[in-house]
Amino acid sequence: MKLSGDLSDFCHRIGYRFNKPDLLIQSVTHASIATPNRSHNQRLEFLGDRVLGLVMAEALLDADGGASEGQLAPRFNALVRKETCAEVARKVDLGAVLKLGRSEMLSGGRRKEALLGDAMEAVIAAVYRDGGFDAARAMILRLWADRLDKVEDDARDPKTASQEWAQARKQAPPVYREVDREGPDHAPVFTIEARLQDGQTSKSQASSKRQAEMAAAKALLQQVENEDE
């Protein structure tokens, strides 16, 4: 089976060439377009999540031989969470090659956080099934390299960290407020404002309130920490 031009370009972006192209095709096929003759990617997603977890756990142990389990756990969670998988998916433009049903396409499926994260895990499994663990590990470490370098910062829960910053300065915890909501009900975009007692604010957008709050808290924390320096 010969891959289409867009899938060949995607292989170049992830740095892996498939021996069995049908595995790649399955990994980018959403359940909304599956048929009896066309498998979707949910089973591969299940496997890819486990492969990613093993690679990240090993990488963290190798990177910091003195870290305790309590230190490693939040770093691990930051690297394997769905949001991180979706960020990597966007970096390699996975959304452009997803095979979706009409309803998912119309609802902005190529930009959905959960859908992109799931598909990235499925691609990992496809590489694992096609080339073995070493091939999957090499791809993961390449695509996650910048996140491994800064995982200590990413592992901090920004809402908790912002609250601790405020309490250390005898301020009330930050207050989060929805200031805008755009888009249709099936694909909303929330704008959340994080505000400190001293009046400092930051706003962020995301497809869920939780993600927008976390992003706003992270931006606010960076803002006040830069001022402290």
# chains A, B, ... in the order shown; residues from 1 in each chain; ligands from 1

call {"tool": "residues_around", "arguments": {"residues": "stretch 43-47 of chain A", "least_positions_apart": "4", "cutoff": "9 Å", "atoms": "only C-alpha atoms", "output": "PyMOL selection string"}}
result
chain A and resi 26-27+51-52+118-126

call {"tool": "write_last_selection", "arguments": {"atoms": "C-alpha atoms", "output": "PDB file, in the first residue's frame"}}
result
ATOM      1  CA  GLN A  26      -5.583   3.125  11.164  1.00  0.00           C
ATOM      2  CA  SER A  27      -3.896   5.384  13.718  1.00  0.00           C
ATOM      3  CA  VAL A  51       4.151   2.769  25.382  1.00  0.00           C
ATOM      4  CA  LEU A  52       4.400   6.508  26.023  1.00  0.00           C
ATOM      5  CA  ASP A 118      -5.858  10.305  21.443  1.00  0.00           C
ATOM      6  CA  ALA A 119      -4.615  10.263  17.854  1.00  0.00           C
ATOM      7  CA  MET A 120      -1.048  11.041  18.956  1.00  0.00           C
ATOM      8  CA  GLU A 121      -1.137   8.043  21.275  1.00  0.00           C
ATOM      9  CA  ALA A 122      -2.457   5.920  18.403  1.00  0.00           C
ATOM     10  CA  VAL A 123       0.410   7.022  16.162  1.00  0.00           C
ATOM     11  CA  ILE A 124       2.868   5.999  18.890  1.00  0.00           C
ATOM     12  CA  ALA A 125       1.269   2.548  18.989  1.00  0.00           C
ATOM     13  CA  ALA A 126       1.393   2.294  15.200  1.00  0.00           C
TER      14      ALA A 126
END

call {"tool": "select_by_dssp", "arguments": {"residues": "stretch 24-178 of chain A", "states": "helix (DSSP H, G or I)", "output": "MDAnalysis selection string"}}
result
chainID A and resid 24:27 31:33 42:63 69:80 82:91 94:97 102:106 109:111 113:131 133:143 145:149 151:154 158:168

call {"tool": "write_last_selection", "arguments": {"atoms": "C-alpha atoms", "output": "short mmCIF file (atom, residue, chain, number, x, y, z; two decimals), in the first residue's frame"}}
result
data_model
loop_
_atom_site.label_atom_id
_atom_site.label_comp_id
_atom_site.auth_asym_id
_atom_site.auth_seq_id
_atom_site.Cartn_x
_atom_site.Cartn_y
_atom_site.Cartn_z
CA LEU A 24 -0.48 4.58 10.10
CA ILE A 25 -3.80 4.88 8.30
CA GLN A 26 -5.58 3.13 11.16
CA SER A 27 -3.90 5.38 13.72
CA ALA A 31 -14.28 6.20 15.05
CA SER A 32 -16.68 8.65 13.39
CA ILE A 33 -15.61 7.43 9.95
CA GLN A 42 -9.19 3.50 19.65
CA ARG A 43 -7.41 0.18 20.23
CA LEU A 44 -4.11 1.69 19.12
CA GLU A 45 -4.71 4.64 21.44
CA PHE A 46 -5.00 2.21 24.37
CA LEU A 47 -1.63 0.67 23.51
CA GLY A 48 0.10 3.95 22.68
CA ASP A 49 -0.74 5.38 26.09
CA ARG A 50 1.16 2.51 27.73
CA VAL A 51 4.15 2.77 25.38
CA LEU A 52 4.40 6.51 26.02
CA GLY A 53 4.21 5.94 29.77
CA LEU A 54 7.05 3.42 29.76
CA VAL A 55 9.29 5.62 27.62
CA MET A 56 8.67 8.69 29.79
CA ALA A 57 9.18 6.78 33.05
CA GLU A 58 12.51 5.43 31.81
CA ALA A 59 13.60 8.83 30.47
CA LEU A 60 12.85 10.53 33.78
CA LEU A 61 14.83 7.93 35.73
CA ASP A 62 17.79 8.35 33.39
CA ALA A 63 17.61 12.15 33.53
CA GLU A 69 9.16 8.84 43.47
CA GLY A 70 7.35 11.87 44.87
CA GLN A 71 9.43 14.14 42.63
CA LEU A 72 9.12 11.94 39.56
CA ALA A 73 5.34 11.44 39.66
CA PRO A 74 4.27 15.03 38.83
CA ARG A 75 6.91 15.23 36.09
CA PHE A 76 5.61 12.00 34.61
CA ASN A 77 2.02 13.22 34.73
CA ALA A 78 3.00 16.45 32.98
CA LEU A 79 4.65 14.53 30.13
CA VAL A 80 1.92 11.96 29.45
CA LYS A 82 -3.70 14.42 27.20
CA GLU A 83 -2.94 18.13 26.89
CA THR A 84 0.76 17.41 26.30
CA CYS A 85 -0.04 14.76 23.69
CA ALA A 86 -2.29 17.28 21.94
CA GLU A 87 0.49 19.89 21.98
CA VAL A 88 2.87 17.43 20.33
CA ALA A 89 0.16 16.53 17.82
CA ARG A 90 -0.14 20.19 16.88
CA LYS A 91 3.63 20.49 16.52
CA LEU A 94 -1.41 15.67 13.04
CA GLY A 95 -4.79 17.33 12.69
CA ALA A 96 -4.17 17.87 8.97
CA VAL A 97 -4.08 14.11 8.27
CA ARG A 102 -18.57 14.69 8.56
CA SER A 103 -20.03 15.54 11.97
CA GLU A 104 -16.58 15.64 13.58
CA MET A 105 -15.20 17.74 10.76
CA LEU A 106 -18.03 20.27 11.08
CA GLY A 109 -12.52 17.87 15.26
CA ARG A 110 -9.08 18.64 13.84
CA ARG A 111 -8.55 21.14 16.67
CA GLU A 113 -7.74 18.63 22.46
CA ALA A 114 -8.94 15.11 23.35
CA LEU A 115 -9.16 13.96 19.76
CA LEU A 116 -5.63 15.16 18.95
CA GLY A 117 -4.21 13.65 22.12
CA ASP A 118 -5.86 10.30 21.44
CA ALA A 119 -4.61 10.26 17.85
CA MET A 120 -1.05 11.04 18.96
CA GLU A 121 -1.14 8.04 21.28
CA ALA A 122 -2.46 5.92 18.40
CA VAL A 123 0.41 7.02 16.16
CA ILE A 124 2.87 6.00 18.89
CA ALA A 125 1.27 2.55 18.99
CA ALA A 126 1.39 2.29 15.20
CA VAL A 127 5.13 2.97 15.23
CA TYR A 128 5.57 0.44 18.03
CA ARG A 129 3.64 -2.25 16.15
CA ASP A 130 5.47 -1.46 12.92
CA GLY A 131 9.06 -1.02 14.09
CA PHE A 133 9.91 -0.53 20.98
CA ASP A 134 13.22 1.06 20.00
CA ALA A 135 11.62 2.80 17.03
CA ALA A 136 8.75 4.08 19.16
CA ARG A 137 11.10 5.25 21.90
CA ALA A 138 13.30 7.11 19.42
CA MET A 139 10.31 8.95 17.96
CA ILE A 140 8.85 9.81 21.35
CA LEU A 141 12.13 11.12 22.73
CA ARG A 142 12.61 13.23 19.62
CA LEU A 143 9.11 14.74 19.72
CA ALA A 145 12.67 16.43 23.81
CA ASP A 146 11.87 20.07 24.59
CA ARG A 147 9.27 19.02 27.16
CA LEU A 148 11.70 16.71 28.92
CA ASP A 149 14.11 19.62 29.22
CA VAL A 151 9.43 19.23 32.73
CA GLU A 152 10.24 20.58 36.19
CA ASP A 153 8.39 23.80 35.38
CA ASP A 154 5.55 22.04 33.56
CA PRO A 158 -0.12 26.54 37.96
CA LYS A 159 -3.29 27.16 40.01
CA THR A 160 -1.68 25.71 43.12
CA ALA A 161 1.57 27.55 42.48
CA SER A 162 -0.27 30.86 41.96
CA GLN A 163 -2.19 30.34 45.19
CA GLU A 164 1.04 29.60 47.09
CA TRP A 165 2.65 32.73 45.62
CA ALA A 166 -0.27 34.87 46.77
CA GLN A 167 -0.42 33.33 50.25
CA ALA A 168 3.32 33.87 50.74
#

call {"tool": "select_by_dssp", "arguments": {"residues": "stretch 82-182 of chain A", "states": "strand (DSSP E)", "output": "list of chain:residue names"}}
result
A:Val175, A:Tyr176, A:Arg177, A:Glu178, A:Val179, A:Asp180, A:Arg181, A:Glu182

call {"tool": "residues_around", "arguments": {"residues": "stretch 169-186 of chain A", "least_positions_apart": "6", "cutoff": "6 Å", "atoms": "only C-alpha atoms", "output": "list in words"}}
result
Gln163, Ile192, Glu193, Ala194, Arg195 and Leu196 of chain A

call {"tool": "write_last_selection", "arguments": {"atoms": "C-alpha atoms", "output": "PDB file, in the first residue's frame"}}
result
ATOM      1  CA  GLN A 163      -2.186  30.342  45.186  1.00  0.00           C
ATOM      2  CA  ILE A 192     -10.906  33.076  31.578  1.00  0.00           C
ATOM      3  CA  GLU A 193      -9.417  35.915  33.599  1.00  0.00           C
ATOM      4  CA  ALA A 194      -7.212  35.212  36.614  1.00  0.00           C
ATOM      5  CA  ARG A 195      -7.039  38.155  39.034  1.00  0.00           C
ATOM      6  CA  LEU A 196      -4.916  38.715  42.114  1.00  0.00           C
TER       7      LEU A 196
END

call {"tool": "closest_residue", "arguments": {"among": "A:Leu98, A:Gln211, A:Asn41, A:Ala34", "to": "A:Phe10", "atoms": "only C-alpha atoms"}}
result
A:Leu98

call {"tool": "closest_residue", "arguments": {"among": "A:Gly65, A:Leu23, A:Phe190, A:Arg81", "to": "A:Lys209", "atoms": "only C-alpha atoms"}}
result
A:Phe190
